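**Student:** Sharing start-v6.pdb below, PDB, C-alpha atoms:
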```pdb
ATOM      1  CA  MET A   1       0.000   0.000   0.000
ATOM      2  CA  SER A   2       1.423   3.393  -0.957
ATOM      3  CA  PRO A   3       2.115   6.080   1.670
ATOM      4  CA  ALA A   4      -0.286   8.373  -0.128
ATOM      5  CA  ARG A   5      -3.163   5.913   0.308
ATOM      6  CA  THR A   6      -2.233   5.333   3.966
ATOM      7  CA  ALA A   7      -2.293   9.069   4.611
ATOM      8  CA  ALA A   8      -5.575   9.375   2.823
ATOM      9  CA  ARG A   9      -7.125   6.751   5.112
ATOM     10  CA  THR A  10      -5.815   8.365   8.362
ATOM     11  CA  PRO A  11      -8.867   9.785  10.136
ATOM     12  CA  ARG A  12      -8.750  13.528  10.731
ATOM     13  CA  THR A  13      -9.065  14.880  14.261
ATOM     14  CA  PRO A  14     -12.564  16.286  14.713
ATOM     15  CA  PRO A  15     -12.727  20.088  15.070
ATOM     16  CA  ALA A  16     -14.151  19.781  18.576
ATOM     17  CA  ALA A  17     -11.177  17.681  19.693
ATOM     18  CA  ARG A  18      -8.712  20.173  18.197
ATOM     19  CA  ALA A  19     -10.478  23.008  19.970
ATOM     20  CA  ALA A  20     -10.310  21.088  23.247
ATOM     21  CA  ARG A  21      -6.557  20.588  22.796
ATOM     22  CA  ARG A  22      -6.059  24.290  22.193
ATOM     23  CA  ARG A  23      -8.060  25.121  25.325
ATOM     24  CA  ARG A  24      -5.982  22.713  27.414
ATOM     25  CA  ALA A  25      -2.777  24.215  26.028
ATOM     26  CA  LEU A  26      -3.952  27.741  26.835
ATOM     27  CA  VAL A  27      -4.962  26.730  30.353
ATOM     28  CA  ALA A  28      -1.583  25.088  30.901
ATOM     29  CA  LEU A  29       0.164  28.218  29.635
ATOM     30  CA  ALA A  30      -1.942  30.442  31.888
ATOM     31  CA  VAL A  31      -1.170  28.277  34.923
ATOM     32  CA  ALA A  32       2.540  28.354  34.112
ATOM     33  CA  LEU A  33       2.472  32.148  33.831
ATOM     34  CA  VAL A  34       0.631  32.511  37.131
ATOM     35  CA  LEU A  35       3.124  30.249  38.880
ATOM     36  CA  ALA A  36       6.055  32.129  37.345
ATOM     37  CA  LEU A  37       4.692  35.555  38.271
ATOM     38  CA  ALA A  38       3.351  34.697  41.726
ATOM     39  CA  PRO A  39       6.654  35.192  43.624
ATOM     40  CA  PHE A  40       7.327  38.448  41.771
ATOM     41  CA  THR A  41       3.825  39.713  42.550
ATOM     42  CA  VAL A  42       4.097  38.856  46.249
ATOM     43  CA  VAL A  43       7.538  40.442  46.637
ATOM     44  CA  GLN A  44       6.503  43.622  44.858
ATOM     45  CA  ALA A  45       3.207  43.896  46.751
ATOM     46  CA  VAL A  46       4.831  43.425  50.159
ATOM     47  CA  GLY A  47       7.589  45.898  49.359
ATOM     48  CA  GLN A  48       5.165  48.496  48.044
ATOM     49  CA  ARG A  49       3.598  48.831  51.504
ATOM     50  CA  TYR A  50       6.802  50.382  52.848
ATOM     51  CA  VAL A  51       7.734  52.739  50.012
ATOM     52  CA  VAL A  52       7.739  56.407  51.014
ATOM     53  CA  PRO A  53       6.945  58.371  47.824
ATOM     54  CA  ASP A  54       8.187  61.724  49.117
ATOM     55  CA  PRO A  55      11.630  61.805  50.793
ATOM     56  CA  ALA A  56      10.363  64.685  52.947
ATOM     57  CA  ASP A  57       7.953  62.256  54.614
ATOM     58  CA  VAL A  58      10.463  59.578  55.597
ATOM     59  CA  PRO A  59       9.991  58.672  59.275
ATOM     60  CA  ALA A  60      13.023  58.707  61.547
ATOM     61  CA  ARG A  61      15.128  55.574  61.654
ATOM     62  CA  PRO A  62      18.579  55.125  63.190
ATOM     63  CA  VAL A  63      20.213  53.849  60.004
ATOM     64  CA  ALA A  64      20.185  54.523  56.281
ATOM     65  CA  LEU A  65      21.081  51.301  54.476
ATOM     66  CA  VAL A  66      22.730  52.049  51.145
ATOM     67  CA  LEU A  67      23.079  49.021  48.907
ATOM     68  CA  GLY A  68      25.982  48.815  46.469
ATOM     69  CA  ALA A  69      25.521  49.473  42.766
ATOM     70  CA  GLY A  70      28.961  49.037  41.260
ATOM     71  CA  LEU A  71      32.061  51.120  40.670
ATOM     72  CA  THR A  72      33.471  52.918  37.666
ATOM     73  CA  PRO A  73      36.801  51.793  36.162
ATOM     74  CA  ALA A  74      38.392  54.539  38.280
ATOM     75  CA  GLY A  75      37.053  52.899  41.436
ATOM     76  CA  THR A  76      34.490  55.585  42.219
ATOM     77  CA  PRO A  77      30.731  55.049  42.685
ATOM     78  CA  THR A  78      28.729  54.685  39.492
ATOM     79  CA  PRO A  79      26.064  57.343  38.816
ATOM     80  CA  TYR A  80      23.449  54.890  40.103
ATOM     81  CA  LEU A  81      25.345  54.424  43.366
ATOM     82  CA  ALA A  82      26.124  58.137  43.698
ATOM     83  CA  ARG A  83      22.386  58.894  43.637
ATOM     84  CA  ARG A  84      21.834  56.464  46.488
ATOM     85  CA  LEU A  85      24.638  58.042  48.482
ATOM     86  CA  ASP A  86      23.338  61.557  47.814
ATOM     87  CA  ALA A  87      19.947  60.516  49.181
ATOM     88  CA  ALA A  88      21.617  59.132  52.303
ATOM     89  CA  VAL A  89      23.498  62.420  52.789
ATOM     90  CA  ASP A  90      20.172  64.260  52.592
ATOM     91  CA  LEU A  91      18.602  61.955  55.188
ATOM     92  CA  LEU A  92      21.558  62.465  57.489
ATOM     93  CA  ASP A  93      21.585  66.251  57.035
ATOM     94  CA  ARG A  94      17.889  66.432  57.874
ATOM     95  CA  GLY A  95      18.324  64.330  61.002
ATOM     96  CA  VAL A  96      16.138  61.489  59.719
ATOM     97  CA  VAL A  97      19.003  59.026  60.324
ATOM     98  CA  THR A  98      22.145  59.189  62.427
ATOM     99  CA  THR A  99      24.193  56.458  60.741
ATOM    100  CA  VAL A 100      24.789  55.337  57.174
ATOM    101  CA  LEU A 101      25.452  51.652  56.587
ATOM    102  CA  VAL A 102      27.168  51.069  53.258
ATOM    103  CA  SER A 103      26.877  47.474  52.125
ATOM    104  CA  GLY A 104      28.696  46.163  49.095
ATOM    105  CA  ASP A 105      31.323  43.927  47.600
ATOM    106  CA  ARG A 106      34.948  44.138  48.642
ATOM    107  CA  SER A 107      36.368  41.372  46.496
ATOM    108  CA  GLY A 108      39.921  42.713  46.426
ATOM    109  CA  PRO A 109      42.159  45.772  46.601
ATOM    110  CA  ASP A 110      41.003  46.855  43.149
ATOM    111  CA  HIS A 111      37.318  46.488  43.953
ATOM    112  CA  ASP A 112      36.319  47.971  47.286
ATOM    113  CA  GLU A 113      32.723  49.077  46.944
ATOM    114  CA  PRO A 114      32.118  49.976  50.621
ATOM    115  CA  GLY A 115      35.434  51.838  50.719
ATOM    116  CA  ALA A 116      34.477  53.932  47.690
ATOM    117  CA  MET A 117      31.092  54.620  49.241
ATOM    118  CA  LEU A 118      32.706  55.725  52.496
ATOM    119  CA  THR A 119      35.108  58.026  50.645
ATOM    120  CA  TYR A 120      32.233  59.570  48.676
ATOM    121  CA  LEU A 121      30.229  60.239  51.816
ATOM    122  CA  VAL A 122      33.153  61.823  53.637
ATOM    123  CA  GLU A 123      33.859  64.022  50.605
ATOM    124  CA  HIS A 124      30.252  65.184  50.810
ATOM    125  CA  GLY A 125      30.470  66.240  54.427
ATOM    126  CA  VAL A 126      29.530  63.071  56.305
ATOM    127  CA  PRO A 127      31.701  62.381  59.370
ATOM    128  CA  ALA A 128      33.587  59.108  58.976
ATOM    129  CA  GLU A 129      32.372  57.972  62.387
ATOM    130  CA  ALA A 130      28.768  58.175  61.126
ATOM    131  CA  VAL A 131      29.459  55.520  58.474
ATOM    132  CA  VAL A 132      29.471  51.767  59.038
ATOM    133  CA  ARG A 133      30.672  49.487  56.274
ATOM    134  CA  ASP A 134      29.759  45.918  55.419
ATOM    135  CA  ASP A 135      32.307  44.426  53.049
ATOM    136  CA  GLU A 136      30.320  41.270  52.300
ATOM    137  CA  GLY A 137      27.051  42.653  51.016
ATOM    138  CA  PHE A 138      27.352  40.634  47.832
ATOM    139  CA  ASP A 139      23.646  40.860  47.015
ATOM    140  CA  THR A 140      20.454  42.354  48.390
ATOM    141  CA  VAL A 141      19.542  39.387  50.569
ATOM    142  CA  SER A 142      22.990  39.102  52.143
ATOM    143  CA  SER A 143      23.076  42.857  52.808
ATOM    144  CA  CYS A 144      19.769  42.697  54.668
ATOM    145  CA  VAL A 145      20.562  39.513  56.588
ATOM    146  CA  ARG A 146      24.013  40.700  57.619
ATOM    147  CA  ALA A 147      22.675  44.115  58.652
ATOM    148  CA  HIS A 148      20.248  42.443  61.036
ATOM    149  CA  ASP A 149      22.080  39.350  62.216
ATOM    150  CA  LEU A 150      25.654  40.649  62.411
ATOM    151  CA  LEU A 151      25.358  44.403  62.816
ATOM    152  CA  GLY A 152      22.240  44.502  64.969
ATOM    153  CA  VAL A 153      20.179  46.768  62.715
ATOM    154  CA  ASP A 154      16.515  46.536  63.708
ATOM    155  CA  ALA A 155      15.173  49.605  61.880
ATOM    156  CA  ALA A 156      16.423  51.407  58.791
ATOM    157  CA  VAL A 157      15.672  53.466  55.719
ATOM    158  CA  VAL A 158      16.635  51.548  52.589
ATOM    159  CA  VAL A 159      18.007  53.704  49.783
ATOM    160  CA  THR A 160      18.170  52.303  46.264
ATOM    161  CA  GLN A 161      16.816  52.791  42.737
ATOM    162  CA  ASP A 162      13.046  52.804  42.448
ATOM    163  CA  TYR A 163      12.877  49.605  40.345
ATOM    164  CA  HIS A 164      14.895  47.728  43.007
ATOM    165  CA  LEU A 165      13.310  49.267  46.082
ATOM    166  CA  ARG A 166      10.359  46.922  46.618
ATOM    167  CA  ARG A 167      12.499  43.796  46.453
ATOM    168  CA  ALA A 168      15.035  45.326  48.833
ATOM    169  CA  LEU A 169      12.279  46.216  51.290
ATOM    170  CA  PHE A 170      10.849  42.707  51.058
ATOM    171  CA  SER A 171      14.232  41.097  51.746
ATOM    172  CA  CYS A 172      15.028  43.395  54.660
ATOM    173  CA  ARG A 173      11.567  42.898  56.153
ATOM    174  CA  THR A 174      11.884  39.121  55.988
ATOM    175  CA  ALA A 175      15.362  39.461  57.539
ATOM    176  CA  GLY A 176      13.735  41.095  60.567
ATOM    177  CA  ILE A 177      14.385  44.793  59.952
ATOM    178  CA  ASP A 178      11.668  47.431  60.343
ATOM    179  CA  VAL A 179      12.325  49.264  57.094
ATOM    180  CA  VAL A 180      10.858  51.972  54.945
ATOM    181  CA  GLY A 181      12.322  52.891  51.587
ATOM    182  CA  VAL A 182      13.331  55.834  49.461
ATOM    183  CA  GLY A 183      13.669  55.338  45.722
ATOM    184  CA  VAL A 184      16.121  57.339  43.635
ATOM    185  CA  SER A 185      16.252  57.832  39.893
ATOM    186  CA  ALA A 186      17.108  54.932  37.601
ATOM    187  CA  GLN A 187      17.674  57.194  34.596
ATOM    188  CA  SER A 188      20.632  56.069  32.536
ATOM    189  CA  ALA A 189      22.654  57.484  29.663
ATOM    190  CA  ARG A 190      22.184  54.064  28.104
ATOM    191  CA  PRO A 191      18.421  53.382  28.036
ATOM    192  CA  TRP A 192      18.908  49.687  27.295
ATOM    193  CA  GLN A 193      20.699  49.351  30.615
ATOM    194  CA  ALA A 194      17.711  50.656  32.539
ATOM    195  CA  VAL A 195      15.461  48.220  30.679
ATOM    196  CA  LEU A 196      17.814  45.381  31.557
ATOM    197  CA  TRP A 197      17.806  46.250  35.256
ATOM    198  CA  HIS A 198      14.007  46.448  35.314
ATOM    199  CA  ALA A 199      13.703  43.060  33.580
ATOM    200  CA  ARG A 200      16.136  41.540  36.057
ATOM    201  CA  GLU A 201      13.636  42.128  38.844
ATOM    202  CA  LEU A 202      11.474  39.212  37.712
ATOM    203  CA  PRO A 203      14.010  36.421  38.400
ATOM    204  CA  ALA A 204      15.569  38.366  41.276
ATOM    205  CA  SER A 205      12.186  38.703  43.009
ATOM    206  CA  THR A 206      11.592  34.999  42.572
ATOM    207  CA  ASN A 207      14.926  34.268  44.228
ATOM    208  CA  ALA A 208      14.082  36.666  47.058
ATOM    209  CA  ALA A 209      10.768  34.909  47.666
ATOM    210  CA  TRP A 210      12.355  31.465  47.749
ATOM    211  CA  ASP A 211      15.091  32.714  50.067
ATOM    212  CA  ALA A 212      12.475  34.058  52.465
ATOM    213  CA  LEU A 213      10.662  30.721  52.453
ATOM    214  CA  SER A 214      13.851  28.775  53.088
ATOM    215  CA  ARG A 215      15.061  30.831  56.043
TER     216      ARG A 215
END
```
How does this structure look as structure tokens?

**Tutor:**
Amino acid sequence: MSPARTAARTPRTPPAARAARRRRALVALAVALVLALAPFTVVQAVGQRYVVPDPADVPARPVALVLGAGLTPAGTPTPYLARRLDAAVDLLDRGVVTTVLVSGDRSGPDHDEPGAMLTYLVEHGVPAEAVVRDDEGFDTVSSCVRAHDLLGVDAAVVVTQDYHLRRALFSCRTAGIDVVGVGVSAQSARPWQAVLWHARELPASTNAAWDALSR
């Protein structure tokens, strides 16, 4: 028997069955999307509760927690990080906080993020004794956990870019810190970079949620 005749005799799937398959596929896709977005949604919703839209309304806390955001090739804070530090200086000048905790990566003599942050703050009028550094704040979760567990921070103002703020607040809250947050500009000279950082929040929020569950 020729292949053509065999194909001709193969019964066609009824339209109703094909429609049912499509519906099942769409339902499966919808469930997968819900499961993928659920951690992100929870993290963002929890963090949103503690965002202070206007820096003038930030309630007093003993510490401003400034999370690292990289260094330039010259070893100075990137524009993103400088904005965070400027906001911390403002909080300190207005008496909202009394101490600035700079948390970042000190992976070697050529990459000392907390050291560069300390230098920047001192150059902008902050007394060195008002700055505490954490050299092992390798990511948001570790910065929050170390601030609470090792440095005894129970209440703080978190200062970071607006796209990152809600996740940072979530992680610090689940680490046991009474935090509120101030968001600073995420504007970049390279627009694609800002898009990349925003997109990164989806997997990063998922990781933050799983970390909170596993603690």

**Student:** Taking the file as shown, what set of residues would the PyMOL selection byres ((chain A and resi 205) around 10) give back, as a list of chain:residue names?

**Tutor:**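 Given this file, the PyMOL selection byres ((chain A and resi 205) around 10) evaluates to A:Leu37, A:Ala38, A:Pro39, A:Phe40, A:Thr41, A:Val42, A:Val43, A:Gln44, A:His164, A:Arg166, A:Arg167, A:Ala168, A:Phe170, A:Ser171, A:Arg200, A:Glu201, A:Leu202, A:Pro203, A:Ala204, A:Thr206, A:Asn207, A:Ala208, A:Ala209, A:Trp210, A:Asp211.
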
**Student:** Please provide as a short mmCIF file (atom, residue, chain, number, x, y, z; two decimals) with C-alpha atoms, keeping the file's coordinate frame all residues within 7 Å of A:His148, with the sequence filter that same-chain residues fewer than 5 positions apart are discarded (counting all atoms listed in the file).

**Tutor:**
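File around09.cif, as written:
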```cif
data_model
loop_
_atom_site.label_atom_id
_atom_site.label_comp_id
_atom_site.auth_asym_id
_atom_site.auth_seq_id
_atom_site.Cartn_x
_atom_site.Cartn_y
_atom_site.Cartn_z
CA VAL A 153 20.18 46.77 62.72
CA ASP A 154 16.52 46.54 63.71
CA ALA A 175 15.36 39.46 57.54
CA GLY A 176 13.74 41.10 60.57
CA ILE A 177 14.38 44.79 59.95
#
```

**Student:** Report the residues retrieved by the PyMOL selection byres ((chain A and resi 94-104) around 7) from the displayed file, expressed as an mmCIF file with C-alpha atoms, keeping the file's coordinate frame.

**Tutor:**
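Writing done, so here's part-v8.cif:
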```
data_model
loop_
_atom_site.group_PDB
_atom_site.id
_atom_site.type_symbol
_atom_site.label_atom_id
_atom_site.label_comp_id
_atom_site.auth_asym_id
_atom_site.auth_seq_id
_atom_site.Cartn_x
_atom_site.Cartn_y
_atom_site.Cartn_z
ATOM 1 C CA PRO A 59 9.991 58.672 59.275
ATOM 2 C CA ALA A 60 13.023 58.707 61.547
ATOM 3 C CA ARG A 61 15.128 55.574 61.654
ATOM 4 C CA PRO A 62 18.579 55.125 63.190
ATOM 5 C CA VAL A 63 20.213 53.849 60.004
ATOM 6 C CA ALA A 64 20.185 54.523 56.281
ATOM 7 C CA LEU A 65 21.081 51.301 54.476
ATOM 8 C CA VAL A 66 22.730 52.049 51.145
ATOM 9 C CA LEU A 67 23.079 49.021 48.907
ATOM 10 C CA GLY A 68 25.982 48.815 46.469
ATOM 11 C CA ALA A 88 21.617 59.132 52.303
ATOM 12 C CA ASP A 90 20.172 64.260 52.592
ATOM 13 C CA LEU A 91 18.602 61.955 55.188
ATOM 14 C CA LEU A 92 21.558 62.465 57.489
ATOM 15 C CA ASP A 93 21.585 66.251 57.035
ATOM 16 C CA ASP A 105 31.323 43.927 47.600
ATOM 17 C CA ARG A 106 34.948 44.138 48.642
ATOM 18 C CA GLU A 113 32.723 49.077 46.944
ATOM 19 C CA PRO A 114 32.118 49.976 50.621
ATOM 20 C CA MET A 117 31.092 54.620 49.241
ATOM 21 C CA ALA A 130 28.768 58.175 61.126
ATOM 22 C CA VAL A 131 29.459 55.520 58.474
ATOM 23 C CA VAL A 132 29.471 51.767 59.038
ATOM 24 C CA ARG A 133 30.672 49.487 56.274
ATOM 25 C CA ASP A 134 29.759 45.918 55.419
ATOM 26 C CA ASP A 135 32.307 44.426 53.049
ATOM 27 C CA GLU A 136 30.320 41.270 52.300
ATOM 28 C CA GLY A 137 27.051 42.653 51.016
ATOM 29 C CA PHE A 138 27.352 40.634 47.832
ATOM 30 C CA SER A 143 23.076 42.857 52.808
#
```

**Student:** Kindly indicate which residue among A:Asp139, A:Tyr120, A:His111, A:Arg84 lies nearest to A:Asp162, using only C-alpha atoms for the distances.

**Tutor:**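 Closest candidate: A:Arg84.
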
**Student:** Can you turn the PyMOL selection byres ((chain A and resi 182-184) around 8) into a concrete residue list for this file, as a list in words?

**Tutor:**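 Answer for the PyMOL selection byres ((chain A and resi 182-184) around 8): Val51, Val52, Pro53, Asp54, Pro55, Val58, Arg83, Arg84, Ala87, Val157, Val158, Val159, Thr160, Gln161, Asp162, Tyr163, Leu165, Val180, Gly181, Ser185 and Ala186 of chain A.
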
**Student:** So how many Å separate atom CA of A:Val122 and atom CA of A:Leu151, to one decimal?

**Tutor:** 21.2 Å

**Student:** Which neighbours of A:Glu123 fall inside 12 Å, counting all atoms listed in the file, when residues of the same chain fewer than 5 positions from it are skipped, and could you give them as a list in words?

**Tutor:**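 These residues fall inside the cut-off: Thr76, Ala82, Leu85, Asp86, Val89, Ala116, Met117, Leu118 and Ala128 of chain A.
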
**Student:** Next, write the just-selected residues to a file, as a JSON list (two decimals), keeping the file's coordinate frame, keeping C-alpha atoms as the atom set.

**Tutor:**
```json
[["chain", "number", "residue", "atom", "x", "y", "z"],
["A", 76, "THR", "CA", 34.49, 55.58, 42.22],
["A", 82, "ALA", "CA", 26.12, 58.14, 43.70],
["A", 85, "LEU", "CA", 24.64, 58.04, 48.48],
["A", 86, "ASP", "CA", 23.34, 61.56, 47.81],
["A", 89, "VAL", "CA", 23.50, 62.42, 52.79],
["A", 116, "ALA", "CA", 34.48, 53.93, 47.69],
["A", 117, "MET", "CA", 31.09, 54.62, 49.24],
["A", 118, "LEU", "CA", 32.71, 55.72, 52.50],
["A", 128, "ALA", "CA", 33.59, 59.11, 58.98]]
```

**Student:** Ranking A:Ser142, A:Thr174, A:Gln187, A:Ser107 by minimum distance to A:Pro79 and counting all atoms listed in the file, which one comes first?

**Tutor:**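 With all atoms listed in the file as the atom set, the closest residue is A:Gln187.
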
**Student:** To one decimal place, how far is atom CA of A:Pro127 from atom CA of A:Gly108 in Å?

**Tutor:**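 Value for the atom CA of A:Pro127-atom CA of A:Gly108 distance: 24.9 Å.
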